[in-house]
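Okay, start-v3.pdb is below, PDB, C-alpha atoms:
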```pdb
ATOM      1  CA  MET D   7       0.000   0.000   0.000
ATOM      2  CA  GLY D   8       1.223   3.523  -0.834
ATOM      3  CA  THR D   9       1.950   6.320   1.561
ATOM      4  CA  ILE D  10      -0.907   8.668   2.384
ATOM      5  CA  LYS D  11      -0.032  12.237   1.369
ATOM      6  CA  THR D  12      -3.447  13.979   1.523
ATOM      7  CA  ALA D  13      -5.742  14.676   4.475
ATOM      8  CA  VAL D  14      -9.235  16.152   4.505
ATOM      9  CA  ILE D  15     -10.615  17.998   7.521
ATOM     10  CA  LEU D  16     -14.383  18.502   7.601
ATOM     11  CA  ALA D  17     -14.850  21.834   9.363
ATOM     12  CA  ALA D  18     -18.075  23.264   7.981
ATOM     13  CA  GLY D  19     -20.467  22.690  10.879
ATOM     14  CA  ALA D  20     -21.817  25.405  13.135
ATOM     15  CA  GLY D  21     -21.182  23.706  16.476
ATOM     16  CA  THR D  22     -24.765  24.224  17.620
ATOM     17  CA  ARG D  23     -24.341  21.948  20.641
ATOM     18  CA  MET D  24     -21.775  24.418  21.988
ATOM     19  CA  GLY D  25     -24.424  27.139  22.259
ATOM     20  CA  GLU D  26     -23.326  30.756  21.910
ATOM     21  CA  LEU D  27     -19.646  29.835  21.747
ATOM     22  CA  GLY D  28     -20.261  27.685  18.666
ATOM     23  CA  LEU D  29     -22.097  30.509  16.942
ATOM     24  CA  ARG D  30     -19.219  32.974  17.396
ATOM     25  CA  ARG D  31     -16.393  30.797  16.096
ATOM     26  CA  PRO D  32     -15.849  27.423  14.433
ATOM     27  CA  LYS D  33     -15.207  24.434  16.703
ATOM     28  CA  GLY D  34     -11.702  24.127  15.307
ATOM     29  CA  PHE D  35     -10.808  27.452  16.855
ATOM     30  CA  LEU D  36     -11.537  26.387  20.412
ATOM     31  CA  GLU D  37      -8.258  26.494  22.265
ATOM     32  CA  VAL D  38      -6.669  23.576  24.058
ATOM     33  CA  GLY D  39      -3.332  24.248  25.705
ATOM     34  CA  GLY D  40      -3.394  27.843  24.477
ATOM     35  CA  LYS D  41      -3.628  26.908  20.791
ATOM     36  CA  PRO D  42      -6.622  26.396  18.469
ATOM     37  CA  ILE D  43      -7.422  22.722  17.877
ATOM     38  CA  ILE D  44      -7.169  23.177  14.098
ATOM     39  CA  GLU D  45      -3.606  24.510  14.325
ATOM     40  CA  THR D  46      -2.530  21.551  16.443
ATOM     41  CA  SER D  47      -4.132  19.170  13.939
ATOM     42  CA  LEU D  48      -2.421  20.850  10.981
ATOM     43  CA  THR D  49       0.962  20.812  12.688
ATOM     44  CA  ARG D  50       0.621  17.102  13.494
ATOM     45  CA  LEU D  51      -0.495  16.214   9.972
ATOM     46  CA  LYS D  52       2.477  18.035   8.465
ATOM     47  CA  ALA D  53       4.853  16.361  10.934
ATOM     48  CA  ALA D  54       3.434  12.979   9.849
ATOM     49  CA  GLY D  55       4.385  13.702   6.233
ATOM     50  CA  ILE D  56       1.039  14.858   4.891
ATOM     51  CA  GLU D  57       1.742  17.131   1.931
ATOM     52  CA  ARG D  58      -1.752  18.286   1.005
ATOM     53  CA  ILE D  59      -4.360  19.305   3.579
ATOM     54  CA  VAL D  60      -7.869  20.129   2.386
ATOM     55  CA  VAL D  61     -10.159  21.889   4.851
ATOM     56  CA  VAL D  62     -13.866  21.958   3.980
ATOM     57  CA  THR D  63     -15.343  25.128   5.440
ATOM     58  CA  GLY D  64     -18.849  26.488   5.921
ATOM     59  CA  HIS D  65     -19.726  28.196   9.208
ATOM     60  CA  ARG D  66     -17.466  31.187   9.889
ATOM     61  CA  ALA D  67     -15.220  30.344   6.920
ATOM     62  CA  SER D  68     -13.294  33.597   7.334
ATOM     63  CA  PHE D  69     -11.520  32.099  10.370
ATOM     64  CA  TYR D  70     -10.077  29.379   8.129
ATOM     65  CA  ALA D  71      -9.230  31.853   5.356
ATOM     66  CA  LYS D  72      -7.114  33.867   7.801
ATOM     67  CA  LEU D  73      -5.475  30.669   9.045
ATOM     68  CA  ALA D  74      -4.630  29.603   5.477
ATOM     69  CA  GLN D  75      -2.888  32.958   4.978
ATOM     70  CA  ARG D  76      -0.706  32.298   8.038
ATOM     71  CA  MET D  77       0.011  28.612   7.471
ATOM     72  CA  SER D  78       1.183  27.205   4.159
ATOM     73  CA  GLY D  79      -0.050  23.994   2.564
ATOM     74  CA  ILE D  80      -3.745  24.390   3.328
ATOM     75  CA  GLU D  81      -6.361  24.189   0.583
ATOM     76  CA  LEU D  82      -9.834  25.480   1.422
ATOM     77  CA  ILE D  83     -13.061  24.248  -0.135
ATOM     78  CA  HIS D  84     -16.149  26.164   0.903
ATOM     79  CA  ASN D  85     -19.519  24.445   1.323
ATOM     80  CA  ARG D  86     -21.997  27.272   0.722
ATOM     81  CA  LEU D  87     -24.864  25.129   2.040
ATOM     82  CA  LEU D  88     -23.388  25.438   5.534
ATOM     83  CA  ASP D  89     -22.416  29.094   5.314
ATOM     84  CA  SER D  90     -23.726  30.839   8.423
ATOM     85  CA  GLY D  91     -21.682  33.989   8.694
ATOM     86  CA  SER D  92     -18.195  35.198   8.144
TER      87      SER D  92
END
```
Encoded form (structure tokens):
Amino acid sequence: MGTIKTAVILAAGAGTRMGELGLRRPKGFLEVGGKPIIETSLTRLKAAGIERIVVVTGHRASFYAKLAQRMSGIELIHNRLLDSGS
């Protein structure tokens, strides 16, 4: 079997079970250990040799757009059906 070089992160949901906090920011931007969960995930994927990371966005997609500007190697695909604010 070949080596896996691509990862997909599904990050379009609104996090409604988190109440008000989930409405203000995507779940991936909740901080654990002082760092957003999504950044930790991206760092670990890159360290594991993943070359292409696709993040599917929807709710609060602008958070991910700003992240993609800061961190290289992230491809964003926006699901307009789950778009609930910038």
For the file shown, report as an MDAnalysis selection string the outcome of the PyMOL selection byres ((chain D and resi 86-90) around 12) at residue level.
-> chainID D and resid 16:22 28:32 62:68 83:85 91:92
Name all residues at most 12 Å from Leu51 in chain D (count all atoms listed in the file; drop same-chain ones fewer than 2 positions away) and give them as a list of chain:residue names.
-> D:Ile10, D:Lys11, D:Thr12, D:Ala13, D:Val14, D:Ile15, D:Ile44, D:Glu45, D:Thr46, D:Ser47, D:Leu48, D:Thr49, D:Ala53, D:Ala54, D:Gly55, D:Ile56, D:Glu57, D:Arg58, D:Ile59, D:Val60, D:Gly79, D:Ile80
Gap from CA of Arg50 in chain D to CA of Glu37 in chain D - Å, one decimal | 15.6 Å
Return the single residue from D:Lys52, D:Gly25, D:Val61, D:Phe35 that is closest to Ala74 in chain D, with distances computed using all atoms listed in the file.
-> D:Val61
Kindly give the distance, in Å, that separates CA of Pro42 in chain D and CA of Ser78 in chain D, rounded to a single decimal.
->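 Result for CA of Pro42 in chain D versus CA of Ser78 in chain D: 16.3 Å, one decimal.
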Mind pulling up the distance from CA of Glu26 in chain D to CA of Gly40 in chain D?
->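 Spanning CA of Gly40 in chain D to CA of Glu26 in chain D is a straight-line distance of 20.3 Å.
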Put a box with edges along x, y and z around all the listed atoms of range 61-80 of chain D, pad it by 4 Å on each side, then give me its centre and sizes in Å, one decimal, as lines of an AutoDock Vina configuration file.
```
center_x = -9.3
center_y = 27.9
center_z = 6.5
size_x = 28.9
size_y = 20.0
size_z = 15.8
```
